[in-house]
Amino acid sequence: MEHKHLLVNATFKSSPFQSVSFAESWIRSIVSKIDMELLYQPIAVRCDDIHNEGISAFCLITTSHIALHSWDKVEPNLVQLDIYSCKDFSKELILDEFKKFSPLYLGCKYLDRSINNTKGWQMGRDGIL
């Protein structure tokens, strides 16, 4: 079993994730492109709290989850994506999807969180924090 975790940060002059329906549709397309199965349909909501304006969206996939957060009132606009799966997937495919929106900046961290690869992480007594 895999334990892959992709974290993406991207900035845009204007975020493509300005509407709830677009965010839900985009996540649905990502699930299909990385050959995953929906467990719970994507859901997105808009937050209009000052300094936190933007869209948050998530969906459950049979192998874990996808979450997206965007801030469209900060300059540049910020989008963060989090994909965790017990099935391997292509980080390049996800980055290519972001590149279609012409980001100003695009960065990622791809982690293998299997137990053998988390040795050396901060742990408390008896392996529990």
# chains A, B, ... in the order shown; residues from 1 in each chain; ligands from 1

$ residues_around --residues "Lys99 in chain A" --least-positions-apart "5" --cutoff "12 Å" --atoms "only C-alpha atoms" --output "ChimeraX atom specification"
/A:8-12,16,92-94,104-107

$ select_by_dssp --residues "range 45-119 of chain A" --states "helix (DSSP H, G or I)" --output "list of chain:residue names"
A:Lys91, A:Glu92, A:Leu93, A:Ile94, A:Leu95, A:Asp96, A:Glu97, A:Phe98, A:Lys99, A:Ile115, A:Asn116, A:Asn117

$ write_last_selection --atoms "N, CA, C and O atoms" --output "mmCIF file, in the first residue's frame"
data_model
loop_
_atom_site.group_PDB
_atom_site.id
_atom_site.type_symbol
_atom_site.label_atom_id
_atom_site.label_comp_id
_atom_site.auth_asym_id
_atom_site.auth_seq_id
_atom_site.Cartn_x
_atom_site.Cartn_y
_atom_site.Cartn_z
ATOM 1 N N LYS A 91 2.473 13.235 -9.695
ATOM 2 C CA LYS A 91 2.537 14.638 -9.287
ATOM 3 C C LYS A 91 2.701 15.528 -10.513
ATOM 4 O O LYS A 91 2.199 16.652 -10.548
ATOM 5 N N GLU A 92 3.390 15.032 -11.548
ATOM 6 C CA GLU A 92 3.595 15.823 -12.769
ATOM 7 C C GLU A 92 2.262 16.145 -13.441
ATOM 8 O O GLU A 92 2.074 17.244 -13.949
ATOM 9 N N LEU A 93 1.348 15.195 -13.428
ATOM 10 C CA LEU A 93 0.034 15.431 -14.006
ATOM 11 C C LEU A 93 -0.677 16.579 -13.277
ATOM 12 O O LEU A 93 -1.263 17.459 -13.904
ATOM 13 N N ILE A 94 -0.601 16.597 -11.955
ATOM 14 C CA ILE A 94 -1.233 17.658 -11.164
ATOM 15 C C ILE A 94 -0.565 18.994 -11.466
ATOM 16 O O ILE A 94 -1.245 20.013 -11.681
ATOM 17 N N LEU A 95 0.751 19.018 -11.500
ATOM 18 C CA LEU A 95 1.457 20.265 -11.789
ATOM 19 C C LEU A 95 1.133 20.765 -13.194
ATOM 20 O O LEU A 95 0.962 21.976 -13.403
ATOM 21 N N ASP A 96 1.007 19.857 -14.147
ATOM 22 C CA ASP A 96 0.622 20.249 -15.515
ATOM 23 C C ASP A 96 -0.761 20.889 -15.528
ATOM 24 O O ASP A 96 -1.007 21.832 -16.283
ATOM 25 N N GLU A 97 -1.679 20.375 -14.702
ATOM 26 C CA GLU A 97 -3.014 20.972 -14.625
ATOM 27 C C GLU A 97 -2.938 22.407 -14.094
ATOM 28 O O GLU A 97 -3.646 23.286 -14.568
ATOM 29 N N PHE A 98 -2.082 22.637 -13.113
ATOM 30 C CA PHE A 98 -1.893 23.999 -12.604
ATOM 31 C C PHE A 98 -1.245 24.902 -13.652
ATOM 32 O O PHE A 98 -1.604 26.070 -13.777
ATOM 33 N N LYS A 99 -0.298 24.359 -14.401
ATOM 34 C CA LYS A 99 0.400 25.167 -15.415
ATOM 35 C C LYS A 99 -0.546 25.698 -16.484
ATOM 36 O O LYS A 99 -0.293 26.743 -17.074
ATOM 37 N N ILE A 115 5.336 4.020 6.644
ATOM 38 C CA ILE A 115 5.959 3.952 7.964
ATOM 39 C C ILE A 115 7.480 3.888 7.874
ATOM 40 O O ILE A 115 8.183 4.485 8.678
ATOM 41 N N ASN A 116 8.011 3.206 6.870
ATOM 42 C CA ASN A 116 9.471 3.116 6.730
ATOM 43 C C ASN A 116 10.091 4.452 6.353
ATOM 44 O O ASN A 116 11.271 4.675 6.612
ATOM 45 N N ASN A 117 9.330 5.331 5.733
ATOM 46 C CA ASN A 117 9.868 6.629 5.333
ATOM 47 C C ASN A 117 9.620 7.726 6.350
ATOM 48 O O ASN A 117 10.026 8.859 6.144
#

$ closest_residue --among "A:Met1, A:Ile66, A:Val79, A:Asp112" --to "Lys13 in chain A" --atoms "only C-alpha atoms"
A:Val79

$ select_by_dssp --residues "range 3-114 of chain A" --states "strand (DSSP E or B)" --output "ChimeraX atom specification"
/A:4-12,38-47,54-61,64-71,77-85,105-112

$ atom_distance --atom1 "CA of Leu6 in chain A" --atom2 "CA of Thr62 in chain A"
16.5 Å

$ residues_around --residues "Asp72 in chain A" --least-positions-apart "4" --cutoff "7 Å" --atoms "only C-alpha atoms" --output "list in words"
Ser15, Glu53, Gly54, Asn77 and Leu78 of chain A

$ write_last_selection --atoms "N, CA and C atoms" --output "mmCIF file, in the first residue's frame"
data_model
loop_
_atom_site.group_PDB
_atom_site.id
_atom_site.type_symbol
_atom_site.label_atom_id
_atom_site.label_comp_id
_atom_site.auth_asym_id
_atom_site.auth_seq_id
_atom_site.Cartn_x
_atom_site.Cartn_y
_atom_site.Cartn_z
ATOM 1 N N SER A 15 -6.747 34.226 -9.462
ATOM 2 C CA SER A 15 -6.972 32.805 -9.211
ATOM 3 C C SER A 15 -8.038 32.234 -10.132
ATOM 4 N N GLU A 53 -10.770 35.758 2.393
ATOM 5 C CA GLU A 53 -11.729 35.587 1.308
ATOM 6 C C GLU A 53 -11.212 34.571 0.297
ATOM 7 N N GLY A 54 -12.090 33.647 -0.052
ATOM 8 C CA GLY A 54 -11.715 32.673 -1.061
ATOM 9 C C GLY A 54 -12.579 31.429 -1.008
ATOM 10 N N ASN A 77 -2.841 36.243 -5.828
ATOM 11 C CA ASN A 77 -3.809 35.258 -5.328
ATOM 12 C C ASN A 77 -3.068 33.955 -5.016
ATOM 13 N N LEU A 78 -3.471 33.295 -3.956
ATOM 14 C CA LEU A 78 -2.803 32.074 -3.503
ATOM 15 C C LEU A 78 -3.754 30.891 -3.588
#

$ decode --residues "range 12-47 of chain A" --atoms "N, CA, C and O atoms" --output "PDB file, in the first residue's frame"
ATOM      1  N   PHE A  12      -1.211  33.348  -8.418  1.00  0.00           N
ATOM      2  CA  PHE A  12      -1.779  33.791  -9.688  1.00  0.00           C
ATOM      3  C   PHE A  12      -2.074  35.283  -9.624  1.00  0.00           C
ATOM      4  O   PHE A  12      -2.406  35.802  -8.553  1.00  0.00           O
ATOM      5  N   LYS A  13      -1.993  35.922 -10.773  1.00  0.00           N
ATOM      6  CA  LYS A  13      -2.471  37.301 -10.849  1.00  0.00           C
ATOM      7  C   LYS A  13      -3.957  37.317 -10.525  1.00  0.00           C
ATOM      8  O   LYS A  13      -4.451  38.177  -9.802  1.00  0.00           O
ATOM      9  N   SER A  14      -4.681  36.338 -11.067  1.00  0.00           N
ATOM     10  CA  SER A  14      -6.101  36.158 -10.766  1.00  0.00           C
ATOM     11  C   SER A  14      -6.363  34.658 -10.645  1.00  0.00           C
ATOM     12  O   SER A  14      -6.210  33.921 -11.621  1.00  0.00           O
ATOM     13  N   SER A  15      -6.747  34.226  -9.462  1.00  0.00           N
ATOM     14  CA  SER A  15      -6.972  32.805  -9.211  1.00  0.00           C
ATOM     15  C   SER A  15      -8.038  32.234 -10.132  1.00  0.00           C
ATOM     16  O   SER A  15      -9.092  32.843 -10.321  1.00  0.00           O
ATOM     17  N   PRO A  16      -7.789  31.061 -10.684  1.00  0.00           N
ATOM     18  CA  PRO A  16      -8.840  30.402 -11.477  1.00  0.00           C
ATOM     19  C   PRO A  16      -9.969  29.878 -10.584  1.00  0.00           C
ATOM     20  O   PRO A  16     -11.051  29.573 -11.065  1.00  0.00           O
ATOM     21  N   PHE A  17      -9.722  29.780  -9.289  1.00  0.00           N
ATOM     22  CA  PHE A  17     -10.696  29.211  -8.354  1.00  0.00           C
ATOM     23  C   PHE A  17     -11.506  30.322  -7.693  1.00  0.00           C
ATOM     24  O   PHE A  17     -11.402  30.573  -6.499  1.00  0.00           O
ATOM     25  N   GLN A  18     -12.338  30.990  -8.509  1.00  0.00           N
ATOM     26  CA  GLN A  18     -13.148  32.102  -8.019  1.00  0.00           C
ATOM     27  C   GLN A  18     -14.590  31.699  -7.774  1.00  0.00           C
ATOM     28  O   GLN A  18     -15.343  32.454  -7.175  1.00  0.00           O
ATOM     29  N   SER A  19     -14.980  30.522  -8.248  1.00  0.00           N
ATOM     30  CA  SER A  19     -16.363  30.101  -8.050  1.00  0.00           C
ATOM     31  C   SER A  19     -16.414  28.693  -7.459  1.00  0.00           C
ATOM     32  O   SER A  19     -15.549  27.857  -7.729  1.00  0.00           O
ATOM     33  N   VAL A  20     -17.447  28.481  -6.666  1.00  0.00           N
ATOM     34  CA  VAL A  20     -17.679  27.183  -6.044  1.00  0.00           C
ATOM     35  C   VAL A  20     -17.842  26.105  -7.113  1.00  0.00           C
ATOM     36  O   VAL A  20     -17.236  25.029  -7.025  1.00  0.00           O
ATOM     37  N   SER A  21     -18.628  26.388  -8.137  1.00  0.00           N
ATOM     38  CA  SER A  21     -18.892  25.365  -9.161  1.00  0.00           C
ATOM     39  C   SER A  21     -17.624  24.998  -9.929  1.00  0.00           C
ATOM     40  O   SER A  21     -17.407  23.828 -10.240  1.00  0.00           O
ATOM     41  N   PHE A  22     -16.761  25.986 -10.199  1.00  0.00           N
ATOM     42  CA  PHE A  22     -15.513  25.672 -10.898  1.00  0.00           C
ATOM     43  C   PHE A  22     -14.612  24.798 -10.025  1.00  0.00           C
ATOM     44  O   PHE A  22     -14.027  23.824 -10.496  1.00  0.00           O
ATOM     45  N   ALA A  23     -14.488  25.140  -8.759  1.00  0.00           N
ATOM     46  CA  ALA A  23     -13.631  24.354  -7.857  1.00  0.00           C
ATOM     47  C   ALA A  23     -14.107  22.906  -7.774  1.00  0.00           C
ATOM     48  O   ALA A  23     -13.308  21.972  -7.841  1.00  0.00           O
ATOM     49  N   GLU A  24     -15.414  22.712  -7.642  1.00  0.00           N
ATOM     50  CA  GLU A  24     -15.955  21.353  -7.568  1.00  0.00           C
ATOM     51  C   GLU A  24     -15.710  20.584  -8.867  1.00  0.00           C
ATOM     52  O   GLU A  24     -15.292  19.422  -8.843  1.00  0.00           O
ATOM     53  N   SER A  25     -15.934  21.239  -9.988  1.00  0.00           N
ATOM     54  CA  SER A  25     -15.727  20.606 -11.291  1.00  0.00           C
ATOM     55  C   SER A  25     -14.259  20.261 -11.509  1.00  0.00           C
ATOM     56  O   SER A  25     -13.921  19.179 -12.010  1.00  0.00           O
ATOM     57  N   TRP A  26     -13.357  21.173 -11.137  1.00  0.00           N
ATOM     58  CA  TRP A  26     -11.928  20.952 -11.329  1.00  0.00           C
ATOM     59  C   TRP A  26     -11.451  19.771 -10.485  1.00  0.00           C
ATOM     60  O   TRP A  26     -10.722  18.909 -10.977  1.00  0.00           O
ATOM     61  N   ILE A  27     -11.881  19.708  -9.240  1.00  0.00           N
ATOM     62  CA  ILE A  27     -11.483  18.579  -8.388  1.00  0.00           C
ATOM     63  C   ILE A  27     -12.016  17.272  -8.966  1.00  0.00           C
ATOM     64  O   ILE A  27     -11.308  16.268  -9.007  1.00  0.00           O
ATOM     65  N   ARG A  28     -13.245  17.277  -9.429  1.00  0.00           N
ATOM     66  CA  ARG A  28     -13.820  16.073 -10.040  1.00  0.00           C
ATOM     67  C   ARG A  28     -12.954  15.617 -11.220  1.00  0.00           C
ATOM     68  O   ARG A  28     -12.690  14.424 -11.389  1.00  0.00           O
ATOM     69  N   SER A  29     -12.503  16.574 -12.031  1.00  0.00           N
ATOM     70  CA  SER A  29     -11.663  16.216 -13.183  1.00  0.00           C
ATOM     71  C   SER A  29     -10.300  15.681 -12.738  1.00  0.00           C
ATOM     72  O   SER A  29      -9.765  14.770 -13.364  1.00  0.00           O
ATOM     73  N   ILE A  30      -9.755  16.223 -11.663  1.00  0.00           N
ATOM     74  CA  ILE A  30      -8.468  15.741 -11.136  1.00  0.00           C
ATOM     75  C   ILE A  30      -8.607  14.291 -10.662  1.00  0.00           C
ATOM     76  O   ILE A  30      -7.746  13.458 -10.923  1.00  0.00           O
ATOM     77  N   VAL A  31      -9.691  13.993  -9.967  1.00  0.00           N
ATOM     78  CA  VAL A  31      -9.927  12.620  -9.493  1.00  0.00           C
ATOM     79  C   VAL A  31      -9.878  11.657 -10.674  1.00  0.00           C
ATOM     80  O   VAL A  31      -9.223  10.611 -10.620  1.00  0.00           O
ATOM     81  N   SER A  32     -10.532  12.026 -11.748  1.00  0.00           N
ATOM     82  CA  SER A  32     -10.556  11.178 -12.934  1.00  0.00           C
ATOM     83  C   SER A  32      -9.169  11.070 -13.566  1.00  0.00           C
ATOM     84  O   SER A  32      -8.723   9.978 -13.922  1.00  0.00           O
ATOM     85  N   LYS A  33      -8.470  12.199 -13.691  1.00  0.00           N
ATOM     86  CA  LYS A  33      -7.161  12.204 -14.357  1.00  0.00           C
ATOM     87  C   LYS A  33      -6.109  11.400 -13.614  1.00  0.00           C
ATOM     88  O   LYS A  33      -5.209  10.849 -14.235  1.00  0.00           O
ATOM     89  N   ILE A  34      -6.206  11.344 -12.291  1.00  0.00           N
ATOM     90  CA  ILE A  34      -5.215  10.557 -11.540  1.00  0.00           C
ATOM     91  C   ILE A  34      -5.730   9.150 -11.232  1.00  0.00           C
ATOM     92  O   ILE A  34      -5.155   8.434 -10.420  1.00  0.00           O
ATOM     93  N   ASP A  35      -6.810   8.780 -11.917  1.00  0.00           N
ATOM     94  CA  ASP A  35      -7.352   7.423 -11.856  1.00  0.00           C
ATOM     95  C   ASP A  35      -7.746   7.013 -10.437  1.00  0.00           C
ATOM     96  O   ASP A  35      -7.416   5.921  -9.975  1.00  0.00           O
ATOM     97  N   MET A  36      -8.456   7.919  -9.751  1.00  0.00           N
ATOM     98  CA  MET A  36      -8.978   7.624  -8.423  1.00  0.00           C
ATOM     99  C   MET A  36     -10.493   7.480  -8.527  1.00  0.00           C
ATOM    100  O   MET A  36     -11.082   7.736  -9.577  1.00  0.00           O
ATOM    101  N   GLU A  37     -11.110   7.092  -7.430  1.00  0.00           N
ATOM    102  CA  GLU A  37     -12.560   6.944  -7.388  1.00  0.00           C
ATOM    103  C   GLU A  37     -13.132   7.828  -6.289  1.00  0.00           C
ATOM    104  O   GLU A  37     -12.612   7.848  -5.169  1.00  0.00           O
ATOM    105  N   LEU A  38     -14.219   8.528  -6.624  1.00  0.00           N
ATOM    106  CA  LEU A  38     -14.883   9.366  -5.633  1.00  0.00           C
ATOM    107  C   LEU A  38     -15.560   8.505  -4.576  1.00  0.00           C
ATOM    108  O   LEU A  38     -16.234   7.526  -4.895  1.00  0.00           O
ATOM    109  N   LEU A  39     -15.380   8.878  -3.336  1.00  0.00           N
ATOM    110  CA  LEU A  39     -16.114   8.277  -2.227  1.00  0.00           C
ATOM    111  C   LEU A  39     -17.206   9.253  -1.791  1.00  0.00           C
ATOM    112  O   LEU A  39     -18.293   8.844  -1.390  1.00  0.00           O
ATOM    113  N   TYR A  40     -16.902  10.548  -1.887  1.00  0.00           N
ATOM    114  CA  TYR A  40     -17.855  11.615  -1.568  1.00  0.00           C
ATOM    115  C   TYR A  40     -17.609  12.741  -2.548  1.00  0.00           C
ATOM    116  O   TYR A  40     -16.466  13.161  -2.739  1.00  0.00           O
ATOM    117  N   GLN A  41     -18.660  13.204  -3.189  1.00  0.00           N
ATOM    118  CA  GLN A  41     -18.549  14.235  -4.227  1.00  0.00           C
ATOM    119  C   GLN A  41     -17.821  15.477  -3.720  1.00  0.00           C
ATOM    120  O   GLN A  41     -17.945  15.843  -2.546  1.00  0.00           O
ATOM    121  N   PRO A  42     -17.082  16.163  -4.598  1.00  0.00           N
ATOM    122  CA  PRO A  42     -16.445  17.418  -4.195  1.00  0.00           C
ATOM    123  C   PRO A  42     -17.490  18.422  -3.703  1.00  0.00           C
ATOM    124  O   PRO A  42     -18.593  18.508  -4.253  1.00  0.00           O
ATOM    125  N   ILE A  43     -17.118  19.127  -2.683  1.00  0.00           N
ATOM    126  CA  ILE A  43     -17.957  20.205  -2.154  1.00  0.00           C
ATOM    127  C   ILE A  43     -17.064  21.414  -1.931  1.00  0.00           C
ATOM    128  O   ILE A  43     -15.936  21.275  -1.455  1.00  0.00           O
ATOM    129  N   ALA A  44     -17.556  22.567  -2.317  1.00  0.00           N
ATOM    130  CA  ALA A  44     -16.795  23.803  -2.161  1.00  0.00           C
ATOM    131  C   ALA A  44     -17.682  24.851  -1.512  1.00  0.00           C
ATOM    132  O   ALA A  44     -18.907  24.846  -1.697  1.00  0.00           O
ATOM    133  N   VAL A  45     -17.063  25.725  -0.764  1.00  0.00           N
ATOM    134  CA  VAL A  45     -17.767  26.830  -0.128  1.00  0.00           C
ATOM    135  C   VAL A  45     -16.917  28.089  -0.259  1.00  0.00           C
ATOM    136  O   VAL A  45     -15.695  28.021  -0.395  1.00  0.00           O
ATOM    137  N   ARG A  46     -17.593  29.218  -0.237  1.00  0.00           N
ATOM    138  CA  ARG A  46     -16.902  30.502  -0.297  1.00  0.00           C
ATOM    139  C   ARG A  46     -16.881  31.102   1.098  1.00  0.00           C
ATOM    140  O   ARG A  46     -17.879  31.080   1.814  1.00  0.00           O
ATOM    141  N   CYS A  47     -15.736  31.642   1.477  1.00  0.00           N
ATOM    142  CA  CYS A  47     -15.589  32.366   2.734  1.00  0.00           C
ATOM    143  C   CYS A  47     -15.396  33.849   2.396  1.00  0.00           C
ATOM    144  O   CYS A  47     -14.575  34.177   1.535  1.00  0.00           O
TER     145      CYS A  47
END
